$ cat my_file.cif   # mmCIF, C-alpha atoms
data_model
loop_
_atom_site.label_atom_id
_atom_site.label_comp_id
_atom_site.auth_asym_id
_atom_site.auth_seq_id
_atom_site.Cartn_x
_atom_site.Cartn_y
_atom_site.Cartn_z
CA MET A 414 0.00 0.00 0.00
CA ASP A 415 1.09 3.51 -0.72
CA PHE A 416 2.95 5.14 2.17
CA ARG A 417 1.36 8.52 1.62
CA LEU A 418 -2.11 7.03 1.49
CA LYS A 419 -1.55 5.21 4.74
CA ALA A 420 -0.45 8.43 6.44
CA LEU A 421 -3.48 10.20 5.00
CA THR A 422 -5.94 7.65 6.35
CA LYS A 423 -4.23 7.52 9.75
CA SER A 424 -4.45 11.25 10.30
CA ILE A 425 -7.70 12.71 9.01
CA TRP A 426 -8.22 16.34 9.91
CA VAL A 427 -11.86 17.20 9.52
CA PHE A 428 -13.45 20.55 8.83
CA HIS A 429 -17.02 21.08 9.76
CA VAL A 430 -19.27 22.77 7.17
CA SER A 431 -22.66 23.57 8.61
CA ALA A 432 -24.79 24.59 5.64
CA GLY A 433 -28.18 25.36 7.09
CA SER A 434 -28.65 22.49 9.50
CA CYS A 435 -30.76 22.46 12.66
CA ASN A 436 -27.62 21.88 14.80
CA ASN A 437 -28.47 18.31 15.77
CA CYS A 438 -26.00 16.72 13.36
CA ASP A 439 -23.38 19.24 14.51
CA ILE A 440 -23.88 18.19 18.11
CA GLU A 441 -23.56 14.52 17.13
CA ILE A 442 -20.29 15.28 15.32
CA PHE A 443 -18.89 16.89 18.44
CA ASP A 444 -20.04 13.86 20.43
CA CYS A 445 -17.55 11.80 18.42
CA LEU A 446 -14.73 13.86 19.95
CA THR A 447 -15.90 13.42 23.53
CA PRO A 448 -14.41 10.85 25.95
CA ARG A 449 -17.01 8.19 25.19
CA PHE A 450 -16.12 7.86 21.51
CA ASP A 451 -12.77 9.70 21.26
CA VAL A 452 -11.92 9.64 17.57
CA GLU A 453 -8.51 11.19 18.33
CA ARG A 454 -7.45 7.57 18.93
CA PHE A 455 -7.46 7.22 15.13
CA GLY A 456 -5.77 10.57 14.53
CA ILE A 457 -8.99 12.36 13.62
CA GLN A 458 -8.85 16.00 14.66
CA LEU A 459 -11.18 18.92 14.20
CA VAL A 460 -9.39 21.87 12.59
CA GLY A 461 -10.43 25.50 12.42
CA SER A 462 -9.17 26.40 8.97
CA VAL A 463 -10.28 24.71 5.74
CA ARG A 464 -6.69 24.90 4.44
CA HIS A 465 -5.70 22.21 6.94
CA ALA A 466 -8.63 19.93 6.16
CA ASP A 467 -8.59 16.41 4.70
CA ALA A 468 -12.31 15.83 4.98
CA LEU A 469 -15.29 18.16 4.86
CA LEU A 470 -18.21 17.14 7.05
CA VAL A 471 -21.23 18.75 5.45
CA THR A 472 -24.49 18.94 7.41
CA GLY A 473 -27.84 20.50 6.61
CA ILE A 474 -29.88 21.26 3.51
CA ILE A 475 -27.65 23.36 1.30
CA ASN A 476 -29.78 26.46 1.30
CA ARG A 477 -29.70 29.24 -1.26
CA LYS A 478 -27.30 31.42 0.74
CA ALA A 479 -24.99 28.56 1.70
CA LEU A 480 -24.70 26.98 -1.76
CA PRO A 481 -22.04 29.30 -3.28
CA ARG A 482 -20.13 29.26 -0.01
CA VAL A 483 -20.06 25.47 0.15
CA LYS A 484 -18.67 25.42 -3.39
CA LYS A 485 -16.06 28.01 -2.42
CA ILE A 486 -15.03 26.09 0.69
CA TYR A 487 -14.53 22.95 -1.38
CA GLU A 488 -12.33 24.88 -3.80
CA GLN A 489 -10.29 26.28 -0.91
CA ALA A 490 -9.53 22.88 0.59
CA PRO A 491 -6.17 21.37 -0.43
CA LYS A 492 -6.57 18.17 -2.45
CA PRO A 493 -6.77 15.22 -1.80
CA CYS A 494 -9.90 16.09 0.12
CA VAL A 495 -13.00 13.98 0.66
CA VAL A 496 -16.57 15.11 1.28
CA VAL A 497 -18.77 13.39 3.85
CA ALA A 498 -22.50 14.09 3.87
CA ILE A 499 -23.85 13.75 7.39
CA GLY A 500 -27.54 13.55 8.19
CA GLN A 501 -30.69 13.12 6.16
CA CYS A 502 -30.75 16.80 5.16
CA ALA A 503 -27.36 16.70 3.47
CA LEU A 504 -28.27 13.42 1.76
CA SER A 505 -31.65 14.24 0.30
CA GLN A 506 -32.83 17.51 1.88
CA HIS A 507 -35.24 15.45 3.98
CA MET A 508 -38.59 17.19 4.49
CA PHE A 509 -37.33 20.48 3.08
CA ARG A 510 -36.88 19.21 -0.48
CA PHE A 511 -39.92 21.08 -1.82
CA GLY A 512 -39.01 24.21 0.10
CA TYR A 513 -38.35 27.48 -1.71
CA ASN A 514 -34.94 27.71 -0.02
CA ALA A 515 -33.52 24.31 -0.98
CA PRO A 516 -32.21 24.44 -4.53
CA GLU A 517 -30.11 21.28 -4.89
CA PRO A 518 -28.99 18.31 -2.75
CA LEU A 519 -25.30 18.10 -1.85
CA ASP A 520 -24.28 15.41 -4.35
CA LYS A 521 -25.38 17.58 -7.26
CA ILE A 522 -22.90 20.23 -6.08
CA LEU A 523 -19.85 18.33 -4.77
CA PRO A 524 -18.48 14.81 -5.32
CA VAL A 525 -19.69 13.12 -2.13
CA ASP A 526 -17.58 10.16 -1.00
CA VAL A 527 -19.67 8.74 1.80
CA TYR A 528 -23.26 9.20 2.97
CA ILE A 529 -24.18 8.87 6.64
CA PRO A 530 -27.99 8.79 7.00
CA GLY A 531 -29.93 9.54 10.15
CA CYS A 532 -31.76 12.41 11.72
CA PRO A 533 -29.39 12.96 13.41
CA PRO A 534 -27.00 10.00 12.88
CA LYS A 535 -25.63 8.46 16.06
CA PRO A 536 -21.92 8.90 16.79
CA GLU A 537 -21.54 5.15 16.17
CA ALA A 538 -23.02 5.62 12.72
CA ILE A 539 -20.64 8.50 11.99
CA ILE A 540 -17.61 6.46 13.07
CA ASP A 541 -18.88 3.54 10.97
CA GLY A 542 -19.16 5.88 7.99
CA ILE A 543 -15.60 7.11 8.49
CA VAL A 544 -14.33 3.50 8.64
CA LYS A 545 -16.12 2.76 5.34
CA LEU A 546 -14.60 5.91 3.86
CA VAL A 547 -11.09 4.88 4.93
CA ASN A 548 -11.53 1.42 3.39
CA LYS A 549 -12.84 2.98 0.18
CA VAL A 550 -9.93 5.43 -0.08
CA ARG A 551 -7.39 2.68 0.57
CA GLN A 552 -8.79 0.42 -2.14
CA LYS A 553 -9.13 3.22 -4.66
CA LYS A 554 -5.43 4.22 -4.39
CA MET B 410 31.72 17.96 8.18
CA LYS B 411 31.52 17.87 11.96
CA LEU B 412 29.62 21.15 11.91
CA LEU B 413 27.18 19.87 9.32
CA PHE B 414 26.63 16.68 11.34
CA SER B 415 25.88 18.60 14.51
CA TYR B 416 23.61 21.01 12.63
CA LEU B 417 21.62 18.42 10.73
CA ILE B 418 21.72 15.23 12.76
CA PHE B 419 22.75 14.87 16.36
CA PRO B 420 21.96 17.82 18.54
CA GLY B 421 20.50 19.64 15.57
CA PHE B 422 17.60 19.00 13.25
CA LEU B 423 16.91 15.26 13.31
CA PHE B 424 17.42 14.71 17.04
CA SER B 425 15.45 17.70 18.22
CA ALA B 426 12.66 17.09 15.70
CA VAL B 427 12.21 13.48 16.84
CA ILE B 428 12.29 14.46 20.52
CA GLY B 429 9.94 17.37 19.84
CA LEU B 430 7.42 15.26 17.95
CA LEU B 431 7.48 12.66 20.72
CA ALA B 432 6.99 15.46 23.26
CA GLY B 433 4.06 16.69 21.17
CA TRP B 434 2.56 13.21 21.28
CA PHE B 435 3.15 13.10 25.05
CA ASP B 436 1.27 16.37 25.32
CA ARG B 437 -1.69 14.99 23.37
CA LYS B 438 -1.69 11.73 25.32
CA VAL B 439 -1.56 13.40 28.74
CA THR B 440 -4.26 15.85 27.67
CA ALA B 441 -6.40 12.92 26.57
CA ARG B 442 -5.86 11.06 29.84
CA ILE B 443 -6.79 14.19 31.80
CA GLN B 444 -10.03 14.36 29.82
CA TRP B 445 -10.68 10.61 30.35
CA ARG B 446 -9.96 9.79 26.73
CA VAL B 447 -7.55 7.24 25.29
CA GLY B 448 -5.51 9.52 23.08
CA PRO B 449 -3.57 8.97 19.85
CA PRO B 450 -0.83 6.35 19.26
CA TRP B 451 2.82 7.38 19.70
CA HIS B 452 3.51 7.88 15.99
CA GLN B 453 0.58 10.26 15.51
CA ASN B 454 2.62 13.45 15.11
CA PHE B 455 5.01 11.78 12.64
CA THR B 456 2.00 10.60 10.63
CA ASP B 457 0.59 14.12 10.62
CA ILE B 458 3.85 15.53 9.24
CA ILE B 459 4.10 12.83 6.53
CA LYS B 460 0.49 13.40 5.56
CA LEU B 461 0.99 17.16 5.28
CA LEU B 462 4.00 16.59 2.99
CA GLY B 463 1.73 14.75 0.57
CA LYS B 464 -0.95 17.44 0.42
CA GLU B 465 -1.42 20.22 -2.05
CA THR B 466 0.14 23.59 -1.20
CA ILE B 467 -2.21 26.47 -1.87
CA VAL B 468 -0.86 29.97 -2.27
CA PRO B 469 -3.67 32.47 -1.75
CA GLU B 470 -4.28 35.25 -4.21
CA GLY B 471 -2.38 38.41 -3.22
CA ALA B 472 0.18 36.59 -1.08
CA ARG B 473 3.78 37.71 -1.28
CA LEU B 474 6.92 35.63 -1.73
CA THR B 475 7.62 35.76 2.02
CA PHE B 476 4.51 33.63 2.52
CA LEU B 477 6.42 30.57 1.31
CA LEU B 478 9.86 31.58 2.60
CA SER B 479 9.11 32.52 6.20
CA PRO B 480 8.49 28.93 7.51
CA TYR B 481 12.07 28.04 6.57
CA LEU B 482 13.43 31.16 8.30
CA GLY B 483 11.95 30.03 11.61
CA LEU B 484 13.02 26.42 11.14
CA LEU B 485 16.65 27.21 10.19
CA ALA B 486 17.10 29.65 13.08
CA LEU B 487 15.66 27.18 15.55
CA ILE B 488 17.87 24.31 14.33
CA LEU B 489 20.90 26.54 14.97
CA ALA B 490 19.67 27.23 18.50
CA SER B 491 19.14 23.53 19.14
CA ALA B 492 22.61 22.73 17.79
CA ILE B 493 24.27 25.32 20.09
CA LEU B 494 22.34 24.12 23.14
CA GLY B 495 22.88 20.46 22.34
CA GLU B 496 26.62 20.99 21.92
CA ALA B 497 26.72 22.69 25.32
CA ILE B 498 24.82 19.82 26.97
CA PHE B 499 26.11 16.69 25.26
CA PHE B 500 29.70 17.62 24.30
CA PRO B 501 30.89 20.21 26.85
CA THR B 502 32.98 22.32 24.51
CA PRO B 503 34.25 25.84 25.28
CA GLY B 504 31.68 27.40 22.95
CA PHE B 505 32.09 31.10 22.21
CA ILE B 506 31.53 34.24 24.24
CA GLY B 507 27.91 35.32 24.20
CA ASP B 508 26.35 32.10 22.88
CA LEU B 509 23.64 32.57 25.52
CA ILE B 510 22.66 35.85 23.89
CA VAL B 511 22.69 34.23 20.46
CA VAL B 512 20.30 31.54 21.71
CA ILE B 513 17.95 34.19 23.16
CA TYR B 514 17.83 35.94 19.78
CA LEU B 515 17.40 32.69 17.84
CA LEU B 516 14.49 31.69 20.07
CA ALA B 517 12.65 34.89 19.11
CA ILE B 518 12.97 34.23 15.37
CA PRO B 519 10.24 31.54 14.97
CA ALA B 520 7.65 33.98 16.32
CA ILE B 521 8.92 36.64 13.91
CA ALA B 522 8.77 34.16 11.03
CA LEU B 523 5.19 33.38 11.95
CA ILE B 524 4.38 37.10 11.99
CA ILE B 525 5.99 37.67 8.59
CA GLY B 526 4.23 34.66 7.08
CA ALA B 527 0.86 35.58 8.50
CA SER B 528 1.01 39.22 7.47
CA SER B 529 2.00 38.33 3.89
CA SER B 530 -0.84 35.86 3.47
CA ALA B 531 -3.49 38.49 2.63
CA ASN B 532 -6.02 37.13 5.10
CA PRO B 533 -7.75 39.38 7.65
CA LEU B 534 -7.90 36.69 10.35
CA ALA B 535 -4.20 35.95 9.82
CA SER B 536 -3.39 39.62 10.30
CA VAL B 537 -5.38 39.64 13.56
CA GLY B 538 -3.35 36.61 14.61
CA ALA B 539 -0.11 38.34 13.61
CA SER B 540 -0.91 41.44 15.62
CA ARG B 541 -1.71 39.29 18.65
CA GLU B 542 1.55 37.39 18.19
CA ILE B 543 3.51 40.67 18.11
CA LYS B 544 1.86 41.88 21.32
CA LEU B 545 2.49 38.56 23.01
CA LEU B 546 6.13 38.61 21.88
CA LEU B 547 6.55 42.10 23.36
CA GLY B 548 4.85 40.86 26.51
CA TYR B 549 6.91 37.81 27.32
CA GLU B 550 10.35 38.84 26.08
CA LEU B 551 10.87 41.39 28.88
CA PRO B 552 10.35 39.07 31.88
CA PHE B 553 12.10 36.22 30.04
CA ILE B 554 15.25 38.26 29.55
CA LEU B 555 15.07 39.54 33.15
CA ALA B 556 14.90 35.93 34.36
CA ILE B 557 17.94 35.07 32.24
CA ILE B 558 19.82 38.11 33.60
CA THR B 559 19.11 36.77 37.09
CA ILE B 560 20.91 33.56 36.14
CA ILE B 561 23.78 35.54 34.58
CA VAL B 562 24.16 37.52 37.82
CA LYS B 563 24.15 34.29 39.82
CA ALA B 564 26.87 32.84 37.56
CA ASN B 565 29.07 35.88 38.30
CA GLY B 566 28.40 37.60 35.00
CA GLY B 567 29.09 34.66 32.69
CA ILE B 568 27.34 35.03 29.32
CA LYS B 569 28.53 31.65 28.04
CA LEU B 570 26.38 28.55 28.43
CA GLU B 571 29.51 26.75 29.61
CA ASP B 572 30.10 29.29 32.41
CA ILE B 573 26.53 28.84 33.64
CA LEU B 574 26.79 25.04 33.54
CA ASN B 575 30.17 25.08 35.30
CA HIS B 576 28.90 27.42 37.99
CA GLN B 577 25.91 25.18 38.61
CA SER B 578 27.96 21.98 38.70
CA SER B 579 30.16 23.46 41.45
CA TYR B 580 27.53 25.40 43.44
CA GLY B 581 24.35 23.39 42.79
CA SER B 582 21.43 24.02 40.40
CA SER B 583 20.23 27.60 40.44
CA ILE B 584 16.60 26.56 40.98
CA PHE B 585 17.42 25.60 44.59
CA SER B 586 18.07 29.18 45.65
CA LEU B 587 15.31 31.71 46.33
CA SER B 588 16.06 33.99 43.38
CA GLY B 589 16.54 31.00 41.08
CA ALA B 590 13.20 29.51 42.05
CA ILE B 591 11.35 32.77 41.37
CA ALA B 592 13.17 33.21 38.06
CA PHE B 593 12.28 29.62 37.11
CA ILE B 594 8.57 30.30 37.59
CA VAL B 595 8.87 33.45 35.47
CA ALA B 596 10.77 31.64 32.73
CA LEU B 597 8.28 28.75 32.75
CA LEU B 598 5.37 31.13 32.17
CA CYS B 599 7.31 32.82 29.35
CA ILE B 600 8.02 29.41 27.78
CA GLN B 601 4.32 28.64 27.94
CA ALA B 602 3.62 31.79 25.93
CA LYS B 603 6.52 31.14 23.56
CA LEU B 604 5.17 27.69 22.74
CA GLY B 605 1.71 29.17 22.17
CA PHE B 606 0.03 26.81 24.62
CA VAL B 607 -3.17 27.60 26.48
CA PRO B 608 -3.63 30.03 28.37
CA PHE B 609 -1.45 32.00 25.92
CA ASP B 610 -2.58 30.49 22.60
CA ILE B 611 -4.18 33.83 21.74
CA ALA B 612 -2.42 34.11 18.39
CA GLU B 613 -3.86 30.89 16.99
CA ALA B 614 -7.08 30.67 18.95
CA ASP B 615 -8.83 27.88 17.06
CA GLN B 616 -12.33 28.77 18.20
CA GLU B 617 -12.33 32.51 17.54
CA ILE B 618 -9.90 33.27 14.69
CA MET B 619 -9.54 29.77 13.22
CA ALA B 620 -5.85 28.97 13.68
CA GLY B 621 -5.04 32.69 13.27
CA THR B 622 -1.52 33.04 11.98
CA MET B 623 -1.56 29.63 10.26
CA ILE B 624 -4.97 29.97 8.65
CA GLU B 625 -3.73 30.16 5.03
CA TYR B 626 -1.00 27.55 5.28
CA SER B 627 -1.48 24.10 3.82
CA GLY B 628 0.70 21.19 2.80
CA LEU B 629 4.47 21.60 3.00
CA PRO B 630 4.69 25.05 4.67
CA LEU B 631 2.22 23.92 7.34
CA ALA B 632 4.32 20.80 7.95
CA VAL B 633 7.38 23.04 8.36
CA PHE B 634 5.50 25.16 10.90
CA LYS B 635 4.39 22.06 12.82
CA LEU B 636 8.00 20.85 12.81
CA THR B 637 9.19 24.25 14.03
CA LYS B 638 6.73 24.08 16.89
CA ALA B 639 7.92 20.56 17.76
CA ILE B 640 11.58 21.64 17.77
CA LEU B 641 10.63 24.69 19.82
CA ILE B 642 9.34 22.37 22.57
CA THR B 643 12.69 20.56 22.68
CA VAL B 644 14.82 23.70 22.51
CA THR B 645 12.97 25.75 25.11
CA ILE B 646 12.86 22.92 27.63
CA LEU B 647 16.57 22.17 27.09
CA PHE B 648 17.24 25.88 27.56
CA LEU B 649 15.37 25.85 30.88
CA ILE B 650 17.36 22.80 31.97
CA VAL B 651 20.65 24.52 31.08
CA LEU B 652 19.69 27.69 32.92
CA PHE B 653 18.03 26.32 36.03
CA LEU B 654 18.70 22.59 36.43
CA GLY B 655 22.24 22.29 35.09
CA LYS B 656 23.77 20.35 37.96
CA ASP B 657 23.64 16.75 36.74
CA LEU B 658 23.29 16.27 32.97
CA SER B 659 23.70 12.52 32.72
CA PRO B 660 21.17 10.99 30.26
CA LEU B 661 18.84 9.58 32.91
CA PHE B 662 18.56 12.84 34.84
CA LEU B 663 18.30 14.82 31.63
CA ILE B 664 15.29 12.75 30.52
CA LEU B 665 13.70 13.00 33.97
CA LYS B 666 14.11 16.78 34.06
CA PHE B 667 12.80 17.09 30.48
CA VAL B 668 9.68 15.06 31.26
CA MET B 669 9.12 16.92 34.53
CA ILE B 670 9.16 20.35 32.89
CA LEU B 671 7.01 19.03 30.03
CA VAL B 672 4.41 17.67 32.46
CA ILE B 673 4.29 20.99 34.34
CA ILE B 674 3.71 22.83 31.05
CA ILE B 675 0.99 20.35 30.00
CA LEU B 676 -0.76 20.65 33.37
CA ILE B 677 -0.77 24.45 33.14
CA LYS B 678 -2.12 24.05 29.61
CA ASN B 679 -4.96 21.78 30.67
CA THR B 680 -6.16 23.63 33.74
CA ASN B 681 -6.45 27.17 32.42
CA PRO B 682 -8.78 28.95 30.03
CA ARG B 683 -7.46 31.21 27.29
CA LEU B 684 -6.69 34.80 28.25
CA ARG B 685 -7.55 37.83 26.15
CA ILE B 686 -4.57 39.58 24.61
CA ASP B 687 -4.86 42.62 26.90
CA GLN B 688 -5.07 40.35 29.96
CA ALA B 689 -1.99 38.45 28.79
CA LEU B 690 -0.04 41.67 28.24
CA LYS B 691 -1.07 43.03 31.64
CA PHE B 692 -0.13 39.71 33.22
CA PHE B 693 3.35 39.69 31.68
CA TRP B 694 4.17 43.35 32.19
CA GLY B 695 2.62 43.48 35.67
CA PRO B 696 3.02 40.58 38.11
CA VAL B 697 5.48 38.51 36.06
CA THR B 698 7.90 41.37 35.42
CA ALA B 699 7.62 42.38 39.09
CA MET B 700 8.51 38.81 40.08
CA ALA B 701 11.45 38.84 37.69
CA LEU B 702 12.69 42.13 39.18
CA VAL B 703 12.41 40.70 42.69
CA ALA B 704 14.41 37.67 41.56
CA LEU B 705 17.04 39.95 40.01
CA PHE B 706 17.25 42.02 43.21
CA LEU B 707 17.66 38.89 45.34
CA ALA B 708 20.31 37.56 42.97
CA VAL B 709 22.27 40.83 43.25
CA LYS B 710 22.01 40.54 47.06
CA GLY B 711 23.43 37.03 46.72
CA LEU B 712 20.42 34.95 47.77
#

$ encode --input "my_file.cif" --output "structure tokens"
Amino acid sequence: MDFRLKALTKSIWVFHVSAGSCNNCDIEIFDCLTPRFDVERFGIQLVGSVRHADALLVTGIINRKALPRVKKIYEQAPKPCVVVAIGQCALSQHMFRFGYNAPEPLDKILPVDVYIPGCPPKPEAIIDGIVKLVNKVRQKK
Amino acid sequence: MKLLFSYLIFPGFLFSAVIGLLAGWFDRKVTARIQWRVGPPWHQNFTDIIKLLGKETIVPEGARLTFLLSPYLGLLALILASAILGEAIFFPTPGFIGDLIVVIYLLAIPAIALIIGASSSANPLASVGASREIKLLLGYELPFILAIITIIVKANGGIKLEDILNHQSSYGSSIFSLSGAIAFIVALLCIQAKLGFVPFDIAEADQEIMAGTMIEYSGLPLAVFKLTKAILITVTILFLIVLFLGKDLSPLFLILKFVMILVIIILIKNTNPRLRIDQALKFFWGPVTAMALVALFLAVKGL
């Protein structure tokens, strides 16, 4: 296996993009960092600047105001960078899909690598999604 | 050849980087244990550096050339400092007159490199971070130098690292006198600010200005900055050992002293909230400088 790829999957720095969510998915993401789940064991760290990010955790329906900004944030992230859609809203816009303020679901805007459903998803589900993502990235090379 | 070896490998770059990255892991592990977490494996910081080397480097629009050059300025200056200190500790050579002063200057350069890099990155949050870093630098340099002058006075005016070590090996470590103990506390607080650890991580406050000075850095330059920070941990703690605990420098005692100072720094880091920049400046120019002056006065009186 590629040395660089191994380092990348052992030290994922995540950046949290909240694009019009109700805050529940955001709370569940922070639960992953708490003592009970502690994803720092696997080298996963939350970073403040998108320039340091390896993964974007997108939550919420991408509303009309957030859409150009989400695109911009993805362009600002250094590649290789993966996109994780967390929560039913980011997957399919949930019950807001006929709303005036919900133009497009996330995977029409960005190349989404892994979907984590749930409203909100449990921390176990998020960790499971990250494990699937790591396996996918390692096989893809 | 010998010079190059000591600059690049033994007391210099490779040695201090490995020790610094391990110390960084120790910091993360102890922090995790304090918070009842498990914490990362021992190679985590090495993995982070390797990963950053493989990432894309983005140069923001409007950034100047110094944006890419300043990380190396800090790193090269710091390697020189670690080589001088390491030579003084591991191979007691005569050194040269005033190498203590050279080390003080070299220890200020990483902060200056960070300021130059941040202010040439054309980002408003980075410029806020840079201005905070400048104020912090002005804040802690004064008591730090006063604490070092205390040690110089105690070593009968010797401004060579060797003089200070010799004085301590014949009269006992300077921390065990009253003035030395006060100066040690002052220097420890200044080291805390120099390393940018909580409560003095004002310049790169993750939650308010998003990594501040480092906000625009990615890939290789960010890895160089992380490495600089790791080496800074090694160099500053070795410097404290030389100044205050220089009695017995056999490997076992050296490691024990290193870990002890590191644990004190980590405990201060984990039990304090972040200060505002004005509070930090008041703290350093008020009580800490007063303590340093008291230590200096006591040292002149011979206590």

$ resolve_selection --input "my_file.cif" --expression "the PyMOL selection byres ((chain A and resi 452) around 12)" --output "mmCIF file with C-alpha atoms, in the frame of the given file"
data_model
loop_
_atom_site.group_PDB
_atom_site.id
_atom_site.type_symbol
_atom_site.label_atom_id
_atom_site.label_comp_id
_atom_site.auth_asym_id
_atom_site.auth_seq_id
_atom_site.Cartn_x
_atom_site.Cartn_y
_atom_site.Cartn_z
ATOM 1 C CA LYS A 423 -4.230 7.520 9.750
ATOM 2 C CA SER A 424 -4.450 11.250 10.300
ATOM 3 C CA ILE A 425 -7.700 12.710 9.010
ATOM 4 C CA TRP A 426 -8.220 16.340 9.910
ATOM 5 C CA VAL A 427 -11.860 17.200 9.520
ATOM 6 C CA ILE A 442 -20.290 15.280 15.320
ATOM 7 C CA PHE A 443 -18.890 16.890 18.440
ATOM 8 C CA ASP A 444 -20.040 13.860 20.430
ATOM 9 C CA CYS A 445 -17.550 11.800 18.420
ATOM 10 C CA LEU A 446 -14.730 13.860 19.950
ATOM 11 C CA THR A 447 -15.900 13.420 23.530
ATOM 12 C CA PRO A 448 -14.410 10.850 25.950
ATOM 13 C CA ARG A 449 -17.010 8.190 25.190
ATOM 14 C CA PHE A 450 -16.120 7.860 21.510
ATOM 15 C CA ASP A 451 -12.770 9.700 21.260
ATOM 16 C CA GLU A 453 -8.510 11.190 18.330
ATOM 17 C CA ARG A 454 -7.450 7.570 18.930
ATOM 18 C CA PHE A 455 -7.460 7.220 15.130
ATOM 19 C CA GLY A 456 -5.770 10.570 14.530
ATOM 20 C CA ILE A 457 -8.990 12.360 13.620
ATOM 21 C CA GLN A 458 -8.850 16.000 14.660
ATOM 22 C CA LEU A 459 -11.180 18.920 14.200
ATOM 23 C CA PRO A 536 -21.920 8.900 16.790
ATOM 24 C CA GLU A 537 -21.540 5.150 16.170
ATOM 25 C CA ILE A 539 -20.640 8.500 11.990
ATOM 26 C CA ILE A 540 -17.610 6.460 13.070
ATOM 27 C CA ASP A 541 -18.880 3.540 10.970
ATOM 28 C CA ILE A 543 -15.600 7.110 8.490
ATOM 29 C CA VAL A 544 -14.330 3.500 8.640
ATOM 30 C CA ALA B 441 -6.400 12.920 26.570
ATOM 31 C CA ARG B 446 -9.960 9.790 26.730
ATOM 32 C CA VAL B 447 -7.550 7.240 25.290
ATOM 33 C CA GLY B 448 -5.510 9.520 23.080
ATOM 34 C CA PRO B 449 -3.570 8.970 19.850
ATOM 35 C CA PRO B 450 -0.830 6.350 19.260
#

$ residues_around --input "my_file.cif" --residues "Ala699 in chain B" --least-positions-apart "5" --cutoff "12 Å" --atoms "only C-alpha atoms" --output "JSON, numbers by chain"
{"B": [551, 552, 553, 555, 556, 591, 592, 595, 691, 692, 693, 694, 704, 705, 706]}

$ resolve_selection --input "my_file.cif" --expression "the PyMOL selection byres ((chain B and resi 423-432) around 7)" --output "list in words"
Leu417, Ile418, Phe419, Pro420, Gly421, Phe422, Gly433, Trp434, Phe435, Asp436, Asn454, Phe455, Ser491, Leu636, Ala639, Ile640, Ile642 and Thr643 of chain B

$ atom_distance --input "my_file.cif" --atom1 "CA of Leu487 in chain B" --atom2 "CA of Lys638 in chain B"
9.5 Å

$ atom_distance --input "my_file.cif" --atom1 "CA of Gly433 in chain A" --atom2 "CA of Asn476 in chain A"
6.1 Å

$ resolve_selection --input "my_file.cif" --expression "the PyMOL selection byres ((chain B and resi 712) around 10)" --output "list in words"
Lys563, Ser586, Leu587, Ser588, Gly589, Ala704, Leu705, Phe706, Leu707, Ala708, Val709, Lys710 and Gly711 of chain B

$ write_last_selection --input "my_file.cif" --atoms "C-alpha atoms" --output "PDB file, in the frame of the given file"
ATOM      1  CA  LYS B 563      24.150  34.290  39.820  1.00  0.00           C
ATOM      2  CA  SER B 586      18.070  29.180  45.650  1.00  0.00           C
ATOM      3  CA  LEU B 587      15.310  31.710  46.330  1.00  0.00           C
ATOM      4  CA  SER B 588      16.060  33.990  43.380  1.00  0.00           C
ATOM      5  CA  GLY B 589      16.540  31.000  41.080  1.00  0.00           C
ATOM      6  CA  ALA B 704      14.410  37.670  41.560  1.00  0.00           C
ATOM      7  CA  LEU B 705      17.040  39.950  40.010  1.00  0.00           C
ATOM      8  CA  PHE B 706      17.250  42.020  43.210  1.00  0.00           C
ATOM      9  CA  LEU B 707      17.660  38.890  45.340  1.00  0.00           C
ATOM     10  CA  ALA B 708      20.310  37.560  42.970  1.00  0.00           C
ATOM     11  CA  VAL B 709      22.270  40.830  43.250  1.00  0.00           C
ATOM     12  CA  LYS B 710      22.010  40.540  47.060  1.00  0.00           C
ATOM     13  CA  GLY B 711      23.430  37.030  46.720  1.00  0.00           C
TER      14      GLY B 711
END

$ atom_distance --input "my_file.cif" --atom1 "CA of Phe585 in chain B" --atom2 "CA of Leu690 in chain B"
28.8 Å

$ closest_residue --input "my_file.cif" --among "B:Leu509, B:Leu413, B:Ala520, B:Ile459" --to "chain A" --atoms "all atoms listed in the file"
B:Ile459

$ residues_near_point --input "my_file.cif" --point "(-22.4, 25.9, 9.3)" --cutoff "10 Å" --atoms "only C-alpha atoms" --output "list in words"
His429, Val430, Ser431, Ala432, Gly433, Ser434, Cys435, Asn436, Asp439, Leu470, Val471, Thr472, Gly473, Ile475, Ala479 and Val483 of chain A

$ closest_residue --input "my_file.cif" --among "A:Arg464, A:Lys419, A:Lys521, A:Arg482" --to "chain B" --atoms "all atoms listed in the file"
A:Arg464

$ closest_residue --input "my_file.cif" --among "A:Pro534, A:Pro493, A:Pro516, A:Pro481" --to "chain B" --atoms "all atoms listed in the file"
A:Pro493

$ residues_around --input "my_file.cif" --residues "Arg477 in chain A" --least-positions-apart "5" --cutoff "9 Å" --atoms "only C-alpha atoms" --output "JSON, numbers by chain"
{"A": [513, 514, 515, 516, 517]}
